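Undergrad: My questions will all concern the structure given below.
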Amino acid sequence: MRDLASAARAEFERAAPGTLCASIMRPRAVARGRAALNRGIAAIFRESDMTEVEHA
């Protein structure tokens, strides 16, 4: 499961520069997206009774 989480984070980082919004708002949009991804990954680990220790 950690490999899948790592792959999801890597894909997010590859896609982040293409975020569709005004360039001035992009850093905040990417930060919010990253936080949402990390919350989702943490929820999956909680549901499966595993602990996530790799916060990127």
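Naming scheme: A, B, ... for chains in displayed order of the structure tokens; residues 1 onward per chain; ligands 1 onward as shown.
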For the structure I just gave you, how does DSSP split chain A - specifically, which residues are alpha helix (DSSP H)? Reply as JSON, numbers by chain.
TA: {"A": [2, 3, 4, 5, 6, 7, 8, 9, 10, 11, 12, 13, 14, 15, 26, 27, 28, 29, 30, 31, 32, 33, 34, 35, 36, 37, 38, 39, 40, 41, 42, 43, 44, 45, 46, 47]}
Undergrad: Could the residues in this selection be written to a file with N, CA, C and O atoms, as a short mmCIF file (atom, residue, chain, number, x, y, z; two decimals), in the first residue's frame?
TA:
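Output contents, as saved in again-v2.cif:
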```cif
data_model
loop_
_atom_site.label_atom_id
_atom_site.label_comp_id
_atom_site.auth_asym_id
_atom_site.auth_seq_id
_atom_site.Cartn_x
_atom_site.Cartn_y
_atom_site.Cartn_z
N ARG A 2 2.03 1.18 0.63
CA ARG A 2 2.93 2.34 0.64
C ARG A 2 3.42 2.67 -0.76
O ARG A 2 3.59 3.84 -1.10
N ASP A 3 3.63 1.63 -1.58
CA ASP A 3 4.05 1.87 -2.96
C ASP A 3 2.98 2.61 -3.74
O ASP A 3 3.27 3.50 -4.53
N LEU A 4 1.73 2.25 -3.51
CA LEU A 4 0.62 2.91 -4.18
C LEU A 4 0.52 4.38 -3.74
O LEU A 4 0.32 5.28 -4.56
N ALA A 5 0.69 4.63 -2.44
CA ALA A 5 0.66 6.00 -1.94
C ALA A 5 1.80 6.82 -2.55
O ALA A 5 1.61 7.97 -2.95
N SER A 6 2.96 6.21 -2.63
CA SER A 6 4.11 6.89 -3.22
C SER A 6 3.87 7.20 -4.70
O SER A 6 4.19 8.30 -5.18
N ALA A 7 3.27 6.25 -5.41
CA ALA A 7 2.97 6.47 -6.83
C ALA A 7 1.94 7.59 -7.00
O ALA A 7 2.05 8.41 -7.91
N ALA A 8 0.94 7.63 -6.12
CA ALA A 8 -0.08 8.68 -6.20
C ALA A 8 0.54 10.05 -5.96
O ALA A 8 0.23 11.02 -6.65
N ARG A 9 1.43 10.13 -4.97
CA ARG A 9 2.10 11.41 -4.70
C ARG A 9 2.99 11.83 -5.86
O ARG A 9 3.03 13.01 -6.24
N ALA A 10 3.70 10.88 -6.44
CA ALA A 10 4.56 11.19 -7.59
C ALA A 10 3.73 11.68 -8.77
O ALA A 10 4.11 12.65 -9.45
N GLU A 11 2.61 11.03 -9.03
CA GLU A 11 1.74 11.45 -10.12
C GLU A 11 1.18 12.85 -9.87
O GLU A 11 1.09 13.67 -10.78
N PHE A 12 0.82 13.13 -8.63
CA PHE A 12 0.33 14.47 -8.29
C PHE A 12 1.40 15.51 -8.60
O PHE A 12 1.12 16.54 -9.21
N GLU A 13 2.64 15.25 -8.21
CA GLU A 13 3.73 16.20 -8.44
C GLU A 13 3.97 16.40 -9.93
O GLU A 13 4.27 17.51 -10.37
N ARG A 14 3.82 15.33 -10.74
CA ARG A 14 3.99 15.47 -12.19
C ARG A 14 2.86 16.29 -12.79
O ARG A 14 3.07 17.04 -13.74
N ALA A 15 1.65 16.15 -12.26
CA ALA A 15 0.49 16.84 -12.83
C ALA A 15 0.30 18.26 -12.29
O ALA A 15 -0.36 19.07 -12.92
N ARG A 26 -2.21 29.46 -8.51
CA ARG A 26 -1.73 28.09 -8.66
C ARG A 26 -1.02 27.55 -7.42
O ARG A 26 -1.31 26.42 -7.00
N PRO A 27 -0.10 28.28 -6.79
CA PRO A 27 0.57 27.71 -5.61
C PRO A 27 -0.39 27.30 -4.51
O PRO A 27 -0.24 26.23 -3.90
N ARG A 28 -1.41 28.11 -4.28
CA ARG A 28 -2.39 27.77 -3.24
C ARG A 28 -3.24 26.57 -3.67
O ARG A 28 -3.53 25.69 -2.86
N ALA A 29 -3.62 26.52 -4.95
CA ALA A 29 -4.41 25.40 -5.45
C ALA A 29 -3.61 24.10 -5.34
O ALA A 29 -4.15 23.07 -4.94
N VAL A 30 -2.34 24.15 -5.68
CA VAL A 30 -1.50 22.95 -5.60
C VAL A 30 -1.33 22.53 -4.14
O VAL A 30 -1.41 21.34 -3.81
N ALA A 31 -1.12 23.48 -3.25
CA ALA A 31 -0.97 23.16 -1.83
C ALA A 31 -2.25 22.53 -1.28
O ALA A 31 -2.19 21.55 -0.52
N ARG A 32 -3.40 23.06 -1.67
CA ARG A 32 -4.67 22.47 -1.22
C ARG A 32 -4.86 21.07 -1.80
O ARG A 32 -5.35 20.17 -1.12
N GLY A 33 -4.50 20.90 -3.04
CA GLY A 33 -4.60 19.58 -3.66
C GLY A 33 -3.70 18.57 -2.98
O GLY A 33 -4.10 17.43 -2.74
N ARG A 34 -2.48 18.99 -2.68
CA ARG A 34 -1.53 18.10 -2.00
C ARG A 34 -2.07 17.72 -0.62
O ARG A 34 -1.98 16.55 -0.21
N ALA A 35 -2.62 18.69 0.09
CA ALA A 35 -3.18 18.41 1.43
C ALA A 35 -4.35 17.44 1.32
O ALA A 35 -4.47 16.52 2.14
N ALA A 36 -5.21 17.63 0.33
CA ALA A 36 -6.35 16.72 0.14
C ALA A 36 -5.88 15.31 -0.19
O ALA A 36 -6.41 14.33 0.33
N LEU A 37 -4.87 15.20 -1.03
CA LEU A 37 -4.31 13.90 -1.37
C LEU A 37 -3.76 13.22 -0.12
O LEU A 37 -4.05 12.04 0.14
N ASN A 38 -2.99 13.95 0.66
CA ASN A 38 -2.41 13.37 1.88
C ASN A 38 -3.48 12.98 2.90
O ASN A 38 -3.36 11.95 3.56
N ARG A 39 -4.56 13.77 3.01
CA ARG A 39 -5.66 13.39 3.90
C ARG A 39 -6.33 12.11 3.42
O ARG A 39 -6.68 11.23 4.21
N GLY A 40 -6.53 12.00 2.12
CA GLY A 40 -7.14 10.80 1.56
C GLY A 40 -6.28 9.57 1.77
O GLY A 40 -6.78 8.51 2.15
N ILE A 41 -4.99 9.71 1.57
CA ILE A 41 -4.08 8.59 1.79
C ILE A 41 -4.08 8.20 3.26
O ILE A 41 -4.13 7.02 3.60
N ALA A 42 -4.04 9.18 4.14
CA ALA A 42 -4.06 8.89 5.58
C ALA A 42 -5.35 8.17 5.97
O ALA A 42 -5.32 7.24 6.79
N ALA A 43 -6.48 8.56 5.38
CA ALA A 43 -7.76 7.91 5.68
C ALA A 43 -7.74 6.45 5.25
O ALA A 43 -8.24 5.58 5.96
N ILE A 44 -7.15 6.19 4.10
CA ILE A 44 -7.05 4.80 3.63
C ILE A 44 -6.21 3.98 4.58
O ILE A 44 -6.56 2.84 4.92
N PHE A 45 -5.10 4.55 5.03
CA PHE A 45 -4.25 3.82 5.97
C PHE A 45 -4.97 3.59 7.30
O PHE A 45 -4.83 2.53 7.90
N ARG A 46 -5.75 4.57 7.76
CA ARG A 46 -6.52 4.39 8.99
C ARG A 46 -7.55 3.28 8.84
O ARG A 46 -7.73 2.46 9.73
N GLU A 47 -8.24 3.28 7.72
CA GLU A 47 -9.26 2.26 7.47
C GLU A 47 -8.68 0.86 7.43
O GLU A 47 -9.33 -0.10 7.81
#
```
